[in-house]
$ cat input28.cif   # mmCIF, C-alpha atoms
data_structure
#
loop_
_atom_site.group_PDB
_atom_site.id
_atom_site.type_symbol
_atom_site.label_atom_id
_atom_site.label_comp_id
_atom_site.auth_asym_id
_atom_site.auth_seq_id
_atom_site.Cartn_x
_atom_site.Cartn_y
_atom_site.Cartn_z
ATOM 1 C CA MET A 98 -1.776 10.627 0.501
ATOM 2 C CA GLY A 99 -4.491 10.899 3.070
ATOM 3 C CA ILE A 100 -7.872 9.635 4.205
ATOM 4 C CA ARG A 101 -11.165 11.434 3.652
ATOM 5 C CA ILE A 102 -14.045 10.530 5.989
ATOM 6 C CA LEU A 103 -17.496 10.904 4.473
ATOM 7 C CA LYS A 104 -20.375 12.595 6.232
ATOM 8 C CA PRO A 105 -22.861 9.998 7.559
ATOM 9 C CA ILE A 106 -25.798 11.067 5.413
ATOM 10 C CA THR A 107 -26.744 7.426 4.673
ATOM 11 C CA PRO A 108 -26.239 4.155 6.573
ATOM 12 C CA GLY A 109 -23.610 3.125 4.028
ATOM 13 C CA THR A 110 -21.512 6.237 4.560
ATOM 14 C CA ARG A 111 -21.642 6.208 8.359
ATOM 15 C CA TYR A 112 -18.280 4.423 8.663
ATOM 16 C CA TYR A 113 -17.122 5.045 5.099
ATOM 17 C CA SER A 114 -13.710 6.497 4.252
ATOM 18 C CA VAL A 115 -11.774 6.835 1.009
ATOM 19 C CA GLU A 116 -8.256 7.729 -0.058
ATOM 20 C CA THR A 117 -7.715 11.309 -1.202
ATOM 21 C CA PHE A 118 -5.569 10.328 -4.223
ATOM 22 C CA ASP A 119 -3.510 13.489 -3.748
ATOM 23 C CA GLU A 120 -0.416 11.910 -5.282
ATOM 24 C CA VAL A 121 -2.219 10.629 -8.417
ATOM 25 C CA THR A 122 -1.504 12.925 -11.379
ATOM 26 C CA THR A 123 -3.737 11.429 -14.099
ATOM 27 C CA ASP A 124 -6.815 9.245 -14.473
ATOM 28 C CA LYS A 125 -5.939 8.014 -17.972
ATOM 29 C CA PRO A 126 -3.670 4.943 -18.070
ATOM 30 C CA TYR A 127 -1.075 4.392 -20.802
ATOM 31 C CA LYS A 128 -2.972 2.230 -23.330
ATOM 32 C CA PRO A 129 -0.030 0.255 -24.809
ATOM 33 C CA LEU A 130 0.656 -1.183 -21.344
ATOM 34 C CA LEU A 131 -2.923 -2.366 -20.725
ATOM 35 C CA LYS A 132 -4.068 -5.972 -21.054
ATOM 36 C CA PRO A 133 -7.498 -7.584 -20.630
ATOM 37 C CA LEU A 134 -8.126 -9.268 -17.296
ATOM 38 C CA LYS A 135 -10.377 -12.312 -17.388
ATOM 39 C CA LYS A 136 -12.372 -13.287 -14.311
ATOM 40 C CA SER A 137 -12.722 -16.884 -13.178
ATOM 41 C CA GLY A 138 -15.318 -16.426 -10.445
ATOM 42 C CA GLY A 139 -13.270 -18.878 -8.413
ATOM 43 C CA ARG A 140 -14.014 -21.695 -10.883
ATOM 44 C CA ASN A 141 -11.613 -24.079 -12.600
ATOM 45 C CA ASN A 142 -11.689 -25.322 -16.210
ATOM 46 C CA THR A 143 -14.563 -27.696 -15.436
ATOM 47 C CA GLY A 144 -16.744 -24.973 -13.931
ATOM 48 C CA LYS A 145 -16.416 -26.117 -10.333
ATOM 49 C CA ILE A 146 -15.770 -23.595 -7.570
ATOM 50 C CA THR A 147 -12.270 -24.164 -6.199
ATOM 51 C CA SER A 148 -11.862 -20.764 -4.513
ATOM 52 C CA ARG A 149 -14.931 -19.715 -2.575
ATOM 53 C CA HIS A 150 -16.308 -16.207 -2.108
ATOM 54 C CA ARG A 151 -15.114 -14.829 -5.436
ATOM 55 C CA GLY A 152 -17.337 -13.265 -8.064
ATOM 56 C CA GLY A 153 -18.690 -10.041 -9.492
ATOM 57 C CA GLY A 154 -16.460 -7.039 -9.129
ATOM 58 C CA HIS A 155 -15.808 -4.059 -11.327
ATOM 59 C CA LYS A 156 -14.322 -4.655 -14.759
ATOM 60 C CA ARG A 157 -10.565 -3.962 -14.844
ATOM 61 C CA ARG A 158 -7.654 -3.935 -17.241
ATOM 62 C CA TYR A 159 -4.254 -5.155 -16.131
ATOM 63 C CA ARG A 160 -1.346 -2.712 -16.029
ATOM 64 C CA VAL A 161 1.871 -4.434 -17.149
ATOM 65 C CA ILE A 162 4.409 -3.683 -14.397
ATOM 66 C CA ASP A 163 8.173 -3.912 -14.888
ATOM 67 C CA PHE A 164 9.309 -5.742 -11.755
ATOM 68 C CA LYS A 165 12.707 -6.603 -13.255
ATOM 69 C CA ARG A 166 14.128 -3.072 -13.739
ATOM 70 C CA ASN A 167 16.719 -4.644 -16.069
ATOM 71 C CA LYS A 168 17.626 -1.597 -18.199
ATOM 72 C CA ILE A 169 20.938 -1.104 -16.407
ATOM 73 C CA ASP A 170 22.711 2.265 -16.368
ATOM 74 C CA MET A 171 19.922 3.981 -18.309
ATOM 75 C CA PRO A 172 18.178 6.918 -16.573
ATOM 76 C CA ALA A 173 14.405 7.221 -16.705
ATOM 77 C CA THR A 174 12.096 10.150 -16.038
ATOM 78 C CA VAL A 175 8.823 9.843 -14.125
ATOM 79 C CA LEU A 176 5.911 10.907 -16.330
ATOM 80 C CA THR A 177 2.894 10.199 -14.114
ATOM 81 C CA ILE A 178 1.837 8.684 -10.793
ATOM 82 C CA GLU A 179 -1.278 6.569 -11.326
ATOM 83 C CA TYR A 180 -3.899 4.532 -9.501
ATOM 84 C CA ASP A 181 -3.823 0.797 -10.218
ATOM 85 C CA PRO A 182 -7.078 -1.109 -9.538
ATOM 86 C CA ASN A 183 -5.172 -4.407 -9.388
ATOM 87 C CA ARG A 184 -2.920 -3.565 -6.432
ATOM 88 C CA SER A 185 -2.874 -1.488 -3.273
ATOM 89 C CA ALA A 186 0.231 0.534 -4.207
ATOM 90 C CA ARG A 187 0.446 3.386 -6.680
ATOM 91 C CA ILE A 188 2.316 2.879 -9.942
ATOM 92 C CA ALA A 189 4.579 5.263 -11.843
ATOM 93 C CA LEU A 190 4.890 5.609 -15.610
ATOM 94 C CA ILE A 191 8.541 6.137 -16.511
ATOM 95 C CA LYS A 192 10.293 6.861 -19.818
ATOM 96 C CA TYR A 193 13.867 5.767 -20.463
ATOM 97 C CA GLU A 194 16.352 7.754 -22.531
ATOM 98 C CA ASP A 195 15.941 5.325 -25.426
ATOM 99 C CA GLY A 196 12.189 6.036 -25.537
ATOM 100 C CA VAL A 197 10.930 2.850 -23.835
ATOM 101 C CA VAL A 198 7.955 3.489 -21.527
ATOM 102 C CA THR A 199 7.140 1.163 -18.611
ATOM 103 C CA TYR A 200 5.189 1.024 -15.382
ATOM 104 C CA ILE A 201 6.968 0.445 -12.056
ATOM 105 C CA LEU A 202 5.817 0.340 -8.442
ATOM 106 C CA ALA A 203 5.887 3.913 -7.198
ATOM 107 C CA PRO A 204 8.059 4.383 -4.106
ATOM 108 C CA ASN A 205 6.967 6.775 -1.411
ATOM 109 C CA LYS A 206 7.814 10.436 -2.130
ATOM 110 C CA LEU A 207 8.427 9.821 -5.858
ATOM 111 C CA LYS A 208 7.201 12.778 -7.922
ATOM 112 C CA VAL A 209 6.640 13.605 -11.570
ATOM 113 C CA GLY A 210 9.848 14.798 -13.190
ATOM 114 C CA ASP A 211 12.176 12.824 -10.915
ATOM 115 C CA THR A 212 14.973 10.837 -12.532
ATOM 116 C CA ILE A 213 15.603 7.250 -11.428
ATOM 117 C CA ILE A 214 18.055 4.603 -12.560
ATOM 118 C CA SER A 215 18.810 0.910 -12.137
ATOM 119 C CA SER A 216 22.555 0.492 -11.717
ATOM 120 C CA PRO A 217 25.188 -0.988 -9.346
ATOM 121 C CA ASP A 218 26.634 2.531 -9.083
ATOM 122 C CA ALA A 219 23.319 4.351 -8.601
ATOM 123 C CA GLU A 220 22.834 7.044 -5.982
ATOM 124 C CA PHE A 221 21.184 5.952 -2.734
ATOM 125 C CA LYS A 222 17.878 7.640 -3.549
ATOM 126 C CA ASP A 223 14.313 6.345 -3.292
ATOM 127 C CA GLY A 224 13.306 4.755 -6.589
ATOM 128 C CA ASN A 225 16.781 3.687 -7.687
ATOM 129 C CA ALA A 226 17.428 -0.052 -8.035
ATOM 130 C CA LEU A 227 20.722 -1.628 -6.972
ATOM 131 C CA PRO A 228 22.080 -5.116 -6.201
ATOM 132 C CA LEU A 229 21.824 -5.971 -2.514
ATOM 133 C CA ASN A 230 25.624 -6.150 -2.199
ATOM 134 C CA LYS A 231 25.831 -2.482 -3.242
ATOM 135 C CA ILE A 232 23.213 -1.188 -0.770
ATOM 136 C CA PRO A 233 24.353 0.041 2.674
ATOM 137 C CA VAL A 234 23.155 -2.112 5.563
ATOM 138 C CA GLY A 235 20.105 -0.684 7.328
ATOM 139 C CA LEU A 236 18.421 1.015 4.374
ATOM 140 C CA PHE A 237 14.742 0.386 3.579
ATOM 141 C CA ILE A 238 14.090 -1.506 0.343
ATOM 142 C CA HIS A 239 11.189 -3.010 -1.597
ATOM 143 C CA ASN A 240 10.485 -5.017 -4.778
ATOM 144 C CA ILE A 241 13.228 -7.503 -3.868
ATOM 145 C CA GLU A 242 14.262 -10.308 -6.195
ATOM 146 C CA MET A 243 14.513 -13.860 -4.846
ATOM 147 C CA LYS A 244 16.342 -15.168 -7.913
ATOM 148 C CA PRO A 245 18.716 -13.015 -10.006
ATOM 149 C CA GLY A 246 16.937 -11.630 -13.056
ATOM 150 C CA LYS A 247 13.514 -13.028 -12.167
ATOM 151 C CA GLY A 248 12.077 -9.704 -11.004
ATOM 152 C CA GLY A 249 10.961 -8.392 -7.637
ATOM 153 C CA GLN A 250 8.766 -10.708 -5.579
ATOM 154 C CA LEU A 251 9.070 -9.485 -1.970
ATOM 155 C CA ALA A 252 7.716 -6.309 -0.296
ATOM 156 C CA ARG A 253 5.436 -5.025 -3.063
ATOM 157 C CA SER A 254 2.169 -3.989 -1.368
ATOM 158 C CA ALA A 255 1.178 -0.507 -0.233
ATOM 159 C CA GLY A 256 3.302 1.112 2.458
ATOM 160 C CA VAL A 257 5.547 -1.881 3.167
ATOM 161 C CA PHE A 258 9.325 -2.050 3.199
ATOM 162 C CA ALA A 259 12.015 -4.544 4.047
ATOM 163 C CA GLN A 260 15.354 -3.784 5.700
ATOM 164 C CA LEU A 261 18.777 -4.984 4.652
ATOM 165 C CA VAL A 262 20.265 -6.517 7.804
ATOM 166 C CA ALA A 263 23.618 -7.903 6.608
ATOM 167 C CA VAL A 264 25.596 -8.864 3.508
ATOM 168 C CA ASP A 265 27.877 -11.882 3.763
ATOM 169 C CA GLY A 266 29.537 -13.014 0.542
ATOM 170 C CA LYS A 267 26.987 -14.577 -1.809
ATOM 171 C CA ASN A 268 24.027 -14.030 0.540
ATOM 172 C CA ALA A 269 22.289 -11.001 1.982
ATOM 173 C CA GLN A 270 20.041 -11.094 5.035
ATOM 174 C CA VAL A 271 16.770 -9.222 4.589
ATOM 175 C CA LYS A 272 14.198 -8.523 7.295
ATOM 176 C CA LEU A 273 10.778 -8.727 5.654
ATOM 177 C CA PRO A 274 7.621 -6.797 6.671
ATOM 178 C CA SER A 275 6.340 -9.899 8.503
ATOM 179 C CA GLY A 276 9.434 -9.915 10.741
ATOM 180 C CA GLU A 277 10.944 -12.929 9.001
ATOM 181 C CA VAL A 278 14.667 -12.741 8.285
ATOM 182 C CA ARG A 279 15.819 -14.703 5.268
ATOM 183 C CA ASN A 280 18.806 -15.144 2.970
ATOM 184 C CA VAL A 281 18.602 -13.715 -0.544
ATOM 185 C CA PRO A 282 21.405 -13.919 -3.145
ATOM 186 C CA SER A 283 23.414 -10.725 -2.802
ATOM 187 C CA VAL A 284 23.420 -10.125 -6.576
ATOM 188 C CA CYS A 285 19.610 -9.786 -6.599
ATOM 189 C CA TYR A 286 18.251 -6.301 -7.272
ATOM 190 C CA ALA A 287 16.034 -4.299 -4.941
ATOM 191 C CA THR A 288 14.543 -0.819 -5.086
ATOM 192 C CA LEU A 289 15.353 1.746 -2.405
ATOM 193 C CA GLY A 290 12.623 3.224 -0.218
ATOM 194 C CA ALA A 291 9.173 2.145 0.928
ATOM 195 C CA VAL A 292 6.204 1.440 -1.328
ATOM 196 C CA SER A 293 3.751 4.295 -1.834
ATOM 197 C CA ASN A 294 0.235 4.704 -0.399
ATOM 198 C CA HIS A 295 1.053 3.906 3.231
ATOM 199 C CA ASP A 296 -2.441 5.056 4.307
ATOM 200 C CA HIS A 297 -4.099 2.180 2.465
ATOM 201 C CA GLN A 298 -4.683 0.110 5.618
ATOM 202 C CA LYS A 299 -6.463 2.993 7.345
ATOM 203 C CA VAL A 300 -9.393 2.932 4.912
ATOM 204 C CA SER A 301 -12.705 1.751 6.390
ATOM 205 C CA GLU A 302 -14.873 -0.129 3.893
ATOM 206 C CA GLY A 303 -18.062 1.240 5.440
ATOM 207 C CA LYS A 304 -20.461 -1.195 3.779
ATOM 208 C CA ALA A 305 -20.530 -4.764 2.495
ATOM 209 C CA GLY A 306 -21.181 -3.706 -1.076
ATOM 210 C CA ARG A 307 -17.729 -2.194 -1.333
ATOM 211 C CA ASN A 308 -16.200 -5.660 -1.096
ATOM 212 C CA ILE A 309 -18.535 -6.821 -3.877
ATOM 213 C CA TRP A 310 -16.994 -4.140 -6.099
ATOM 214 C CA ARG A 311 -13.642 -5.819 -5.515
ATOM 215 C CA GLY A 312 -14.993 -9.242 -6.416
ATOM 216 C CA ILE A 313 -15.201 -10.537 -2.832
ATOM 217 C CA LYS A 314 -18.525 -12.223 -2.102
ATOM 218 C CA PRO A 315 -20.063 -12.432 1.383
ATOM 219 C CA GLN A 316 -19.016 -15.302 3.628
ATOM 220 C CA THR A 317 -21.465 -17.216 5.800
ATOM 221 C CA ARG A 318 -20.206 -18.274 9.230
ATOM 222 C CA GLY A 319 -19.778 -21.993 9.642
ATOM 223 C CA MET A 320 -21.668 -21.919 12.951
ATOM 224 C CA ALA A 321 -24.714 -20.536 11.134
ATOM 225 C CA MET A 322 -24.864 -23.537 8.788
ATOM 226 C CA ASN A 323 -26.409 -26.972 9.145
ATOM 227 C CA PRO A 324 -24.279 -29.955 10.209
ATOM 228 C CA ILE A 325 -24.275 -31.336 6.673
ATOM 229 C CA ASP A 326 -22.754 -28.125 5.336
ATOM 230 C CA HIS A 327 -20.013 -27.473 7.883
ATOM 231 C CA PRO A 328 -18.267 -29.264 10.785
ATOM 232 C CA MET A 329 -19.168 -26.371 13.090
ATOM 233 C CA GLY A 330 -22.812 -26.207 12.032
ATOM 234 C CA GLY A 331 -25.992 -27.313 13.750
ATOM 235 C CA GLY A 332 -27.084 -27.482 17.367
ATOM 236 C CA GLU A 333 -29.276 -25.281 19.497
ATOM 237 C CA GLY A 334 -27.283 -22.275 20.571
ATOM 238 C CA LYS A 335 -23.505 -22.147 20.348
ATOM 239 C CA THR A 336 -22.532 -25.206 22.418
ATOM 240 C CA LYS A 337 -21.357 -27.861 19.999
ATOM 241 C CA SER A 338 -20.001 -30.938 21.801
ATOM 242 C CA GLY A 339 -17.861 -32.097 24.692
ATOM 243 C CA GLY A 340 -19.156 -29.404 26.989
ATOM 244 C CA GLY A 341 -17.739 -26.601 24.844
ATOM 245 C CA ARG A 342 -17.358 -25.236 21.365
ATOM 246 C CA LYS A 343 -15.434 -27.159 18.716
ATOM 247 C CA HIS A 344 -12.192 -25.735 17.437
ATOM 248 C CA PRO A 345 -12.678 -23.516 14.372
ATOM 249 C CA ARG A 346 -12.073 -25.419 11.181
ATOM 250 C CA SER A 347 -12.720 -25.318 7.455
ATOM 251 C CA PRO A 348 -15.663 -27.050 5.760
ATOM 252 C CA TRP A 349 -13.286 -29.929 5.021
ATOM 253 C CA GLY A 350 -12.132 -30.319 8.625
ATOM 254 C CA GLN A 351 -8.803 -28.456 8.476
ATOM 255 C CA LEU A 352 -8.096 -26.695 11.777
ATOM 256 C CA ALA A 353 -8.137 -22.932 11.320
ATOM 257 C CA LYS A 354 -6.174 -21.659 14.323
ATOM 258 C CA GLY A 355 -2.681 -22.705 15.314
ATOM 259 C CA PHE A 356 -2.415 -25.735 13.048
ATOM 260 C CA LYS A 357 0.748 -25.479 10.945
ATOM 261 C CA THR A 358 0.058 -25.991 7.255
ATOM 262 C CA ARG A 359 3.535 -25.218 5.876
ATOM 263 C CA LYS A 360 5.327 -28.244 4.425
ATOM 264 C CA SER A 361 7.982 -29.622 6.779
ATOM 265 C CA ASN A 362 10.464 -30.288 3.969
ATOM 266 C CA LYS A 363 10.077 -27.157 1.894
ATOM 267 C CA ALA A 364 13.195 -26.273 -0.136
ATOM 268 C CA SER A 365 13.262 -22.649 1.009
ATOM 269 C CA ASP A 366 13.543 -23.622 4.700
ATOM 270 C CA LYS A 367 17.317 -23.360 4.421
ATOM 271 C CA ASP A 368 17.030 -19.675 3.494
ATOM 272 C CA ILE A 369 14.889 -18.676 6.484
ATOM 273 C CA ILE A 370 17.077 -17.481 9.352
ATOM 274 C CA ARG A 371 14.279 -16.380 11.677
ATOM 275 C CA ARG A 372 10.600 -17.204 11.372
ATOM 276 C CA ARG A 373 7.949 -14.501 11.367
ATOM 277 C CA LYS A 374 6.424 -16.131 14.457
ATOM 278 C CA THR A 375 9.074 -16.655 17.139
ATOM 279 C CA LYS A 376 8.479 -17.654 20.731
#
$ encode --input "input28.cif" --output "structure tokens"
Amino acid sequence: MGIRILKPITPGTRYYSVETFDEVTTDKPYKPLLKPLKKSGGRNNTGKITSRHRGGGHKRRYRVIDFKRNKIDMPATVLTIEYDPNRSARIALIKYEDGVVTYILAPNKLKVGDTIISSPDAEFKDGNALPLNKIPVGLFIHNIEMKPGKGGQLARSAGVFAQLVAVDGKNAQVKLPSGEVRNVPSVCYATLGAVSNHDHQKVSEGKAGRNIWRGIKPQTRGMAMNPIDHPMGGGEGKTKSGGGRKHPRSPWGQLAKGFKTRKSNKASDKDIIRRRKTK
């Protein structure tokens, strides 16, 4: 894993950088685990745009990922480390002893030929999956289940990891990448180690067209619009009203900075021990 900076021979490559893909071992995905991926363009079933700034993008096929790791006590061998266009992390193609082939999120430092296993008695090695009550406190983990058997939902993007803080009976305390500490059932499975491709956030897009390839359309500033199009639009210059600029808000008037949008009676509040934003 590394970053390659392009020579500035054109305006688009002046600030352009790409990943080196050193850890990727093949450019041909495993066809039985591919599915078509339909694009919505941000539109609902009536054709109206409900999510703005989506559209275009390169055609992709979805890689079916095994987030559950539910083949217990059965070793698997890593066949390839692959690029996945649908996520920031790398994925690994593994083959179990019974011949089943699946994709999993590739942990950092996982290599072709390594053997991994999902078991309560597994070795404490990156790539192995264990219940939280079997993992020593302090180890880095990822792909953490929130409900037993549902599959990993937490800490799945490139380079991230969570940390097991404590295990107390039926609950385990996990510190998430955001800094939030929350209770998770201690029988839930998690994978040891950090997620691969930790250099992902260091990539500089370099040009606007690169976001178009990902299906992200350009966004016009609200202050550049007319008053009929946006609450922050209109006026000569940047002074809006009241002797100063209006607070940033969405086209529908929702405040954009500091206004809490989380429901006050959400069911998962009881599981959060420490918020990600603490004073």
$ closest_residue --input "input28.cif" --among "A:Ala353, A:Val234, A:Ala252, A:Ile146" --to "Gly319 (chain A)" --atoms "only C-alpha atoms"
A:Ala353
$ residues_around --input "input28.cif" --residues "His295 (chain A)" --least-positions-apart "6" --cutoff "12 Å" --atoms "only C-alpha atoms" --output "tab-separated table (two decimals) with C-alpha atoms, in the coordinates of the input"
chain	number	residue	atom	x	y	z
A	98	MET	CA	-1.78	10.63	0.50
A	99	GLY	CA	-4.49	10.90	3.07
A	100	ILE	CA	-7.87	9.64	4.20
A	116	GLU	CA	-8.26	7.73	-0.06
A	118	PHE	CA	-5.57	10.33	-4.22
A	120	GLU	CA	-0.42	11.91	-5.28
A	185	SER	CA	-2.87	-1.49	-3.27
A	186	ALA	CA	0.23	0.53	-4.21
A	187	ARG	CA	0.45	3.39	-6.68
A	203	ALA	CA	5.89	3.91	-7.20
A	204	PRO	CA	8.06	4.38	-4.11
A	205	ASN	CA	6.97	6.78	-1.41
A	206	LYS	CA	7.81	10.44	-2.13
A	253	ARG	CA	5.44	-5.03	-3.06
A	254	SER	CA	2.17	-3.99	-1.37
A	255	ALA	CA	1.18	-0.51	-0.23
A	256	GLY	CA	3.30	1.11	2.46
A	257	VAL	CA	5.55	-1.88	3.17
A	258	PHE	CA	9.32	-2.05	3.20
$ residues_near_point --input "input28.cif" --point "(-10.1, -0.9, -13.5)" --cutoff "8 Å" --atoms "all atoms listed in the file" --output "list of chain:residue names"
A:His155, A:Lys156, A:Arg157, A:Arg158, A:Tyr159, A:Asp181, A:Pro182, A:Asn183
$ closest_atom_pairs --input "input28.cif" --of "region 252-327 of chain A" --to "region 207-220 of chain A" --cutoff "10 Å" --atoms "all atoms listed in the file" --output "tab-separated table"
residue	atom	partner	partner_atom	distance
A:Val284	CA	A:Pro217	CA	9.7
A:Tyr286	CA	A:Ser215	CA	8.7
A:Ala287	CA	A:Ser215	CA	9.3
A:Thr288	CA	A:Ser215	CA	8.4
A:Leu289	CA	A:Glu220	CA	9.8
A:Gly290	CA	A:Leu207	CA	9.6
A:Val292	CA	A:Leu207	CA	9.8
A:Ser293	CA	A:Leu207	CA	8.3
$ residues_near_point --input "input28.cif" --point "(-20.2, 6.2, 3.9)" --cutoff "10 Å" --atoms "only C-alpha atoms" --output "NGL selection string"
:A and (102-115 or 301-304)
